[in-house]
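Student: File coords08.pdb follows (PDB, C-alpha atoms, pLDDT in the B column):
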```
ATOM      1  CA  MET A   2       7.234  23.814  -1.956  1.00 34.00           C
ATOM      2  CA  SER A   3       5.705  20.467  -1.063  1.00 42.00           C
ATOM      3  CA  ARG A   4       3.018  18.913  -3.270  1.00 49.00           C
ATOM      4  CA  THR A   5       1.097  17.520  -0.312  1.00 50.00           C
ATOM      5  CA  ARG A   6       0.119  18.675   3.135  1.00 56.00           C
ATOM      6  CA  TYR A   7       0.401  15.129   4.467  1.00 64.00           C
ATOM      7  CA  LYS A   8       3.724  14.465   6.165  1.00 75.00           C
ATOM      8  CA  ILE A   9       5.353  12.194   8.706  1.00 82.00           C
ATOM      9  CA  TYR A  10       6.536  14.379  11.542  1.00 78.00           C
ATOM     10  CA  GLU A  11       7.276  12.040  14.447  1.00 86.00           C
ATOM     11  CA  ASP A  12       8.928   8.624  14.063  1.00 85.00           C
ATOM     12  CA  GLU A  13       7.770   7.374  17.456  1.00 90.00           C
ATOM     13  CA  TYR A  14       4.158   7.074  16.257  1.00 95.00           C
ATOM     14  CA  PRO A  15       2.646   4.607  13.807  1.00 97.00           C
ATOM     15  CA  TYR A  16       0.999   5.986  10.672  1.00 97.00           C
ATOM     16  CA  LEU A  17      -1.863   4.819   8.501  1.00 97.00           C
ATOM     17  CA  ILE A  18      -0.494   4.842   4.957  1.00 97.00           C
ATOM     18  CA  THR A  19      -2.762   4.867   1.913  1.00 96.00           C
ATOM     19  CA  SER A  20      -1.476   4.595  -1.644  1.00 96.00           C
ATOM     20  CA  SER A  21      -3.579   4.335  -4.767  1.00 96.00           C
ATOM     21  CA  VAL A  22      -2.773   3.096  -8.242  1.00 97.00           C
ATOM     22  CA  ILE A  23      -2.839   5.956 -10.735  1.00 95.00           C
ATOM     23  CA  TYR A  24      -6.330   6.757 -12.006  1.00 93.00           C
ATOM     24  CA  GLY A  25      -7.788   4.011  -9.785  1.00 95.00           C
ATOM     25  CA  LEU A  26      -6.734   1.258 -12.168  1.00 95.00           C
ATOM     26  CA  PRO A  27      -7.692  -2.138 -10.637  1.00 96.00           C
ATOM     27  CA  LEU A  28      -4.274  -3.716 -11.064  1.00 97.00           C
ATOM     28  CA  PHE A  29      -4.193  -5.586  -7.759  1.00 97.00           C
ATOM     29  CA  GLY A  30      -6.884  -7.890  -9.063  1.00 93.00           C
ATOM     30  CA  SER A  31      -3.834  -9.749 -10.353  1.00 94.00           C
ATOM     31  CA  PRO A  32      -2.364 -12.049  -7.695  1.00 96.00           C
ATOM     32  CA  ARG A  33       1.090 -11.497  -9.227  1.00 97.00           C
ATOM     33  CA  LEU A  34       0.960  -7.779  -8.510  1.00 98.00           C
ATOM     34  CA  SER A  35      -0.573  -8.265  -5.062  1.00 98.00           C
ATOM     35  CA  ASP A  36       2.238 -10.684  -4.228  1.00 98.00           C
ATOM     36  CA  ILE A  37       4.781  -8.007  -5.178  1.00 98.00           C
ATOM     37  CA  ILE A  38       3.183  -5.723  -2.574  1.00 98.00           C
ATOM     38  CA  ILE A  39       3.163  -8.480   0.055  1.00 98.00           C
ATOM     39  CA  ASN A  40       6.842  -9.264  -0.540  1.00 98.00           C
ATOM     40  CA  ALA A  41       7.743  -5.575  -0.380  1.00 98.00           C
ATOM     41  CA  LEU A  42       5.856  -5.165   2.920  1.00 98.00           C
ATOM     42  CA  LYS A  43       7.724  -8.174   4.313  1.00 97.00           C
ATOM     43  CA  PHE A  44      11.008  -6.644   3.157  1.00 97.00           C
ATOM     44  CA  LEU A  45      10.080  -3.311   4.718  1.00 96.00           C
ATOM     45  CA  GLN A  46       9.421  -5.110   7.990  1.00 96.00           C
ATOM     46  CA  ASN A  47      12.276  -7.612   8.034  1.00 94.00           C
ATOM     47  CA  LYS A  48      15.114  -5.722   6.334  1.00 91.00           C
ATOM     48  CA  ARG A  49      14.200  -2.057   6.851  1.00 92.00           C
ATOM     49  CA  GLU A  50      13.149  -2.438  10.490  1.00 93.00           C
ATOM     50  CA  ALA A  51       9.643  -1.095  10.049  1.00 96.00           C
ATOM     51  CA  LYS A  52       6.835  -2.395  12.205  1.00 97.00           C
ATOM     52  CA  ILE A  53       3.831  -3.361  10.111  1.00 98.00           C
ATOM     53  CA  TYR A  54       0.725  -3.480  12.315  1.00 98.00           C
ATOM     54  CA  ALA A  55      -1.985  -4.111   9.718  1.00 98.00           C
ATOM     55  CA  TYR A  56      -2.507  -4.089   5.957  1.00 98.00           C
ATOM     56  CA  VAL A  57      -5.014  -4.662   3.202  1.00 98.00           C
ATOM     57  CA  ILE A  58      -4.528  -4.744  -0.545  1.00 98.00           C
ATOM     58  CA  MET A  59      -7.630  -3.766  -2.489  1.00 98.00           C
ATOM     59  CA  GLU A  60      -8.034  -3.811  -6.268  1.00 97.00           C
ATOM     60  CA  ASN A  61      -6.682  -0.288  -6.765  1.00 97.00           C
ATOM     61  CA  HIS A  62      -5.129   0.823  -3.478  1.00 98.00           C
ATOM     62  CA  ILE A  63      -3.390  -0.341  -0.346  1.00 98.00           C
ATOM     63  CA  HIS A  64      -3.665   0.618   3.308  1.00 98.00           C
ATOM     64  CA  PHE A  65      -1.171  -0.302   5.954  1.00 98.00           C
ATOM     65  CA  ILE A  66      -0.085   0.869   9.383  1.00 98.00           C
ATOM     66  CA  ALA A  67       3.665   1.223   9.806  1.00 97.00           C
ATOM     67  CA  GLN A  68       6.162   2.705  12.216  1.00 97.00           C
ATOM     68  CA  ALA A  69       9.893   3.229  11.663  1.00 96.00           C
ATOM     69  CA  ASN A  70      12.701   5.710  11.859  1.00 95.00           C
ATOM     70  CA  CYS A  71      12.786   7.707   8.619  1.00 94.00           C
ATOM     71  CA  LEU A  72       9.452   6.180   7.605  1.00 95.00           C
ATOM     72  CA  ASP A  73       8.947   8.771   4.882  1.00 93.00           C
ATOM     73  CA  ARG A  74      12.099   7.637   3.069  1.00 94.00           C
ATOM     74  CA  LYS A  75      11.216   3.979   3.527  1.00 95.00           C
ATOM     75  CA  ILE A  76       7.753   4.535   2.056  1.00 95.00           C
ATOM     76  CA  ALA A  77       9.239   6.418  -0.899  1.00 94.00           C
ATOM     77  CA  ALA A  78      11.616   3.504  -1.550  1.00 96.00           C
ATOM     78  CA  PHE A  79       8.737   1.015  -1.131  1.00 97.00           C
ATOM     79  CA  LYS A  80       6.632   2.857  -3.718  1.00 97.00           C
ATOM     80  CA  SER A  81       9.516   3.216  -6.164  1.00 96.00           C
ATOM     81  CA  TYR A  82      10.462  -0.455  -5.885  1.00 97.00           C
ATOM     82  CA  THR A  83       6.908  -1.783  -6.139  1.00 98.00           C
ATOM     83  CA  ALA A  84       6.145   0.478  -9.113  1.00 97.00           C
ATOM     84  CA  ARG A  85       9.174  -0.826 -11.000  1.00 97.00           C
ATOM     85  CA  LYS A  86       8.409  -4.476 -10.144  1.00 98.00           C
ATOM     86  CA  CYS A  87       4.720  -4.163 -11.065  1.00 98.00           C
ATOM     87  CA  ILE A  88       5.513  -2.475 -14.378  1.00 97.00           C
ATOM     88  CA  ASP A  89       8.086  -5.165 -15.164  1.00 97.00           C
ATOM     89  CA  CYS A  90       5.508  -7.841 -14.323  1.00 97.00           C
ATOM     90  CA  LEU A  91       2.973  -6.228 -16.660  1.00 97.00           C
ATOM     91  CA  LYS A  92       5.596  -6.096 -19.429  1.00 96.00           C
ATOM     92  CA  ASN A  93       6.644  -9.716 -18.901  1.00 95.00           C
ATOM     93  CA  ASN A  94       3.031 -10.890 -19.047  1.00 92.00           C
ATOM     94  CA  ASP A  95       2.030  -8.911 -22.145  1.00 91.00           C
ATOM     95  CA  LYS A  96      -0.421  -6.637 -20.331  1.00 91.00           C
ATOM     96  CA  HIS A  97      -0.060  -3.884 -22.929  1.00 92.00           C
ATOM     97  CA  ILE A  98      -3.504  -2.400 -22.309  1.00 93.00           C
ATOM     98  CA  TRP A  99      -2.581  -1.680 -18.670  1.00 95.00           C
ATOM     99  CA  LEU A 100       0.829  -0.370 -19.663  1.00 95.00           C
ATOM    100  CA  ARG A 101      -0.774   1.995 -22.148  1.00 92.00           C
ATOM    101  CA  ARG A 102      -3.088   3.289 -19.398  1.00 92.00           C
ATOM    102  CA  LEU A 103      -0.125   3.795 -17.026  1.00 94.00           C
ATOM    103  CA  CYS A 104       1.570   5.778 -19.789  1.00 92.00           C
ATOM    104  CA  GLU A 105      -1.501   7.855 -20.661  1.00 90.00           C
ATOM    105  CA  GLN A 106      -2.259   8.723 -17.024  1.00 82.00           C
ATOM    106  CA  LYS A 107       1.307   9.691 -16.158  1.00 81.00           C
ATOM    107  CA  SER A 108       1.662  13.213 -14.789  1.00 81.00           C
ATOM    108  CA  LYS A 109       3.157  15.521 -17.407  1.00 78.00           C
ATOM    109  CA  PHE A 110       5.951  16.706 -15.095  1.00 78.00           C
ATOM    110  CA  LYS A 111       7.263  13.136 -14.726  1.00 76.00           C
ATOM    111  CA  THR A 112       9.572  13.385 -17.719  1.00 79.00           C
ATOM    112  CA  ASP A 113      12.103  10.865 -16.378  1.00 79.00           C
ATOM    113  CA  ARG A 114       9.851   7.829 -16.945  1.00 84.00           C
ATOM    114  CA  LYS A 115       7.454   6.303 -19.415  1.00 90.00           C
ATOM    115  CA  TYR A 116       4.906   5.022 -16.878  1.00 93.00           C
ATOM    116  CA  GLN A 117       3.442   6.138 -13.578  1.00 94.00           C
ATOM    117  CA  PHE A 118       2.142   3.386 -11.328  1.00 96.00           C
ATOM    118  CA  TRP A 119       1.193   5.150  -8.073  1.00 96.00           C
ATOM    119  CA  ASP A 120      -0.703   8.365  -7.480  1.00 92.00           C
ATOM    120  CA  GLU A 121       1.390  11.103  -5.895  1.00 89.00           C
ATOM    121  CA  GLY A 122       1.866  10.917  -2.132  1.00 85.00           C
ATOM    122  CA  TYR A 123       0.783   8.339   0.396  1.00 88.00           C
ATOM    123  CA  HIS A 124      -1.428  10.287   2.814  1.00 85.00           C
ATOM    124  CA  PRO A 125       0.109   9.355   6.188  1.00 93.00           C
ATOM    125  CA  LYS A 126      -2.186   9.773   9.177  1.00 95.00           C
ATOM    126  CA  GLN A 127      -0.529   9.733  12.582  1.00 95.00           C
ATOM    127  CA  ILE A 128      -2.058   7.285  15.051  1.00 97.00           C
ATOM    128  CA  ILE A 129      -2.103   8.475  18.634  1.00 94.00           C
ATOM    129  CA  GLY A 130      -3.314   6.040  21.268  1.00 94.00           C
ATOM    130  CA  ASP A 131      -4.894   2.603  21.410  1.00 96.00           C
ATOM    131  CA  TYR A 132      -8.416   3.775  20.598  1.00 97.00           C
ATOM    132  CA  MET A 133      -7.280   5.331  17.338  1.00 97.00           C
ATOM    133  CA  MET A 134      -5.169   2.265  16.516  1.00 98.00           C
ATOM    134  CA  VAL A 135      -8.147  -0.069  16.992  1.00 97.00           C
ATOM    135  CA  GLN A 136     -10.259   2.229  14.847  1.00 98.00           C
ATOM    136  CA  LYS A 137      -7.714   2.275  11.986  1.00 98.00           C
ATOM    137  CA  VAL A 138      -7.020  -1.488  12.117  1.00 98.00           C
ATOM    138  CA  GLU A 139     -10.770  -2.173  11.934  1.00 98.00           C
ATOM    139  CA  TYR A 140     -11.118   0.317   9.085  1.00 98.00           C
ATOM    140  CA  ILE A 141      -8.343  -1.449   7.143  1.00 98.00           C
ATOM    141  CA  HIS A 142      -9.700  -4.932   7.760  1.00 98.00           C
ATOM    142  CA  ASN A 143     -13.282  -3.969   6.917  1.00 98.00           C
ATOM    143  CA  ASN A 144     -12.403  -2.446   3.526  1.00 98.00           C
ATOM    144  CA  PRO A 145     -13.166  -5.652   1.555  1.00 98.00           C
ATOM    145  CA  VAL A 146     -16.385  -6.200   3.549  1.00 98.00           C
ATOM    146  CA  LYS A 147     -17.555  -2.651   2.886  1.00 97.00           C
ATOM    147  CA  ARG A 148     -16.911  -3.150  -0.840  1.00 95.00           C
ATOM    148  CA  GLY A 149     -18.978  -6.364  -0.757  1.00 96.00           C
ATOM    149  CA  TYR A 150     -16.110  -8.668  -1.734  1.00 96.00           C
ATOM    150  CA  VAL A 151     -16.317 -10.871   1.379  1.00 97.00           C
ATOM    151  CA  ASP A 152     -18.647 -11.344   4.327  1.00 98.00           C
ATOM    152  CA  SER A 153     -15.921 -11.365   6.986  1.00 98.00           C
ATOM    153  CA  PRO A 154     -12.591  -9.495   7.067  1.00 98.00           C
ATOM    154  CA  GLU A 155     -10.611 -12.699   7.615  1.00 97.00           C
ATOM    155  CA  ASP A 156     -11.923 -14.094   4.328  1.00 97.00           C
ATOM    156  CA  TRP A 157      -9.906 -11.535   2.328  1.00 98.00           C
ATOM    157  CA  ARG A 158      -6.586 -13.140   1.367  1.00 97.00           C
ATOM    158  CA  TYR A 159      -4.590  -9.898   1.108  1.00 98.00           C
ATOM    159  CA  SER A 160      -5.193  -8.641   4.623  1.00 98.00           C
ATOM    160  CA  SER A 161      -3.810  -9.015   8.114  1.00 98.00           C
ATOM    161  CA  ALA A 162      -7.272  -9.719   9.572  1.00 98.00           C
ATOM    162  CA  LYS A 163      -6.413 -13.410  10.136  1.00 98.00           C
ATOM    163  CA  ASN A 164      -3.354 -12.399  12.143  1.00 98.00           C
ATOM    164  CA  TYR A 165      -5.608 -10.545  14.593  1.00 97.00           C
ATOM    165  CA  LEU A 166      -7.630 -13.734  15.105  1.00 97.00           C
ATOM    166  CA  GLY A 167      -4.489 -15.694  16.016  1.00 96.00           C
ATOM    167  CA  GLU A 168      -4.366 -17.412  12.625  1.00 96.00           C
ATOM    168  CA  SER A 169      -1.592 -17.374  10.044  1.00 95.00           C
ATOM    169  CA  GLY A 170      -1.808 -14.644   7.467  1.00 95.00           C
ATOM    170  CA  LEU A 171       0.427 -14.144   4.435  1.00 96.00           C
ATOM    171  CA  PHE A 172       3.095 -12.810   6.799  1.00 96.00           C
ATOM    172  CA  GLU A 173       3.442 -12.050  10.468  1.00 96.00           C
ATOM    173  CA  VAL A 174       2.521  -8.531  11.547  1.00 97.00           C
ATOM    174  CA  THR A 175       3.127  -6.733  14.829  1.00 95.00           C
ATOM    175  CA  ILE A 176      -0.064  -7.069  16.861  1.00 93.00           C
ATOM    176  CA  PHE A 177      -0.418  -4.007  19.043  1.00 79.00           C
TER     177      PHE A 177
END
```
Would it be possible to restate this file's structure as structure tokens?
Tutor:
Amino acid sequence: MSRTRYKIYEDEYPYLITSSVIYGLPLFGSPRLSDIIINALKFLQNKREAKIYAYVIMENHIHFIAQANCLDRKIAAFKSYTARKCIDCLKNNDKHIWLRRLCEQKSKFKTDRKYQFWDEGYHPKQIIGDYMMVQKVEYIHNNPVKRGYVDSPEDWRYSSAKNYLGESGLFEVTIF
């Protein structure tokens, strides 16, 4: 039996993906950890043949729109890889308080590991049509504005908003 009702059913559609750090811990306030996510998104796009249409990294969660064959497996690998890299980064930089929280918040059934970085699942939402795509891209880009971190979406470093204005972002995304 599946632990979530959210699933990727059709590879020919893009999906809005949302993943949160366990217990809402604000770990992406660290540029080192945010850069791990950026590099993993680039890898997903360039080496795993996923189209990345938009993204934003907030302090405790990420949103991105992706499309690929076997996207569910690619997202699972993305989450596993980024969790390991982020935990290693915390260890290497003596962030023991965060590591203790990742240990304390770990789900009890996860007996194969000491830490849990991500919440379970990734809540994929299928995007059908241009109207819905525009709506989801705007939602992603406006996350930092809604939280009061910046006045304009393009001012948020860890977002593809600049790409949609024809400017260079942290990496090239597929503009729909």
Student: Give me the residues within 7 Å of segment 21-32 of chain A as a tab-separated table (two decimals) with C-alpha atoms, in the frame of the given file, counting all atoms listed in the file and dropping any in the same chain fewer than 4 places off.
Tutor:
```
chain	number	residue	atom	x	y	z
A	36	ASP	CA	2.24	-10.68	-4.23
A	59	MET	CA	-7.63	-3.77	-2.49
A	60	GLU	CA	-8.03	-3.81	-6.27
A	61	ASN	CA	-6.68	-0.29	-6.76
A	62	HIS	CA	-5.13	0.82	-3.48
A	63	ILE	CA	-3.39	-0.34	-0.35
A	106	GLN	CA	-2.26	8.72	-17.02
A	117	GLN	CA	3.44	6.14	-13.58
A	118	PHE	CA	2.14	3.39	-11.33
A	119	TRP	CA	1.19	5.15	-8.07
A	120	ASP	CA	-0.70	8.36	-7.48
```
Student: Between atom CA of Ala77 of chain A and atom CA of Asn164 of chain A, measure the distance and give it in Å to one decimal.
Tutor: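 So the two atoms, atom CA of Ala77 of chain A and atom CA of Asn164 of chain A, lie 26.1 Å apart.
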Student: Expanded to explicit residues, what is the PyMOL selection byres ((chain A and resi 166) around 12) for this file, as a VMD selection string?
Tutor: chain A and resid 142 153 to 156 160 to 165 167 to 170 174 176
Student: Pick out the residues sitting within 10 Å of Cys90 of chain A, and hand them over as a count of residues only; count only C-alpha atoms, and ignore anything fewer than 5 positions along from it in its own chain.
Tutor: 7
Student: Under the rule that all atoms listed in the file are counted, which of A:Phe44, A:Tyr56, A:Phe79, A:Phe177 is the nearest residue to Tyr132 of chain A?
Tutor: A:Phe177
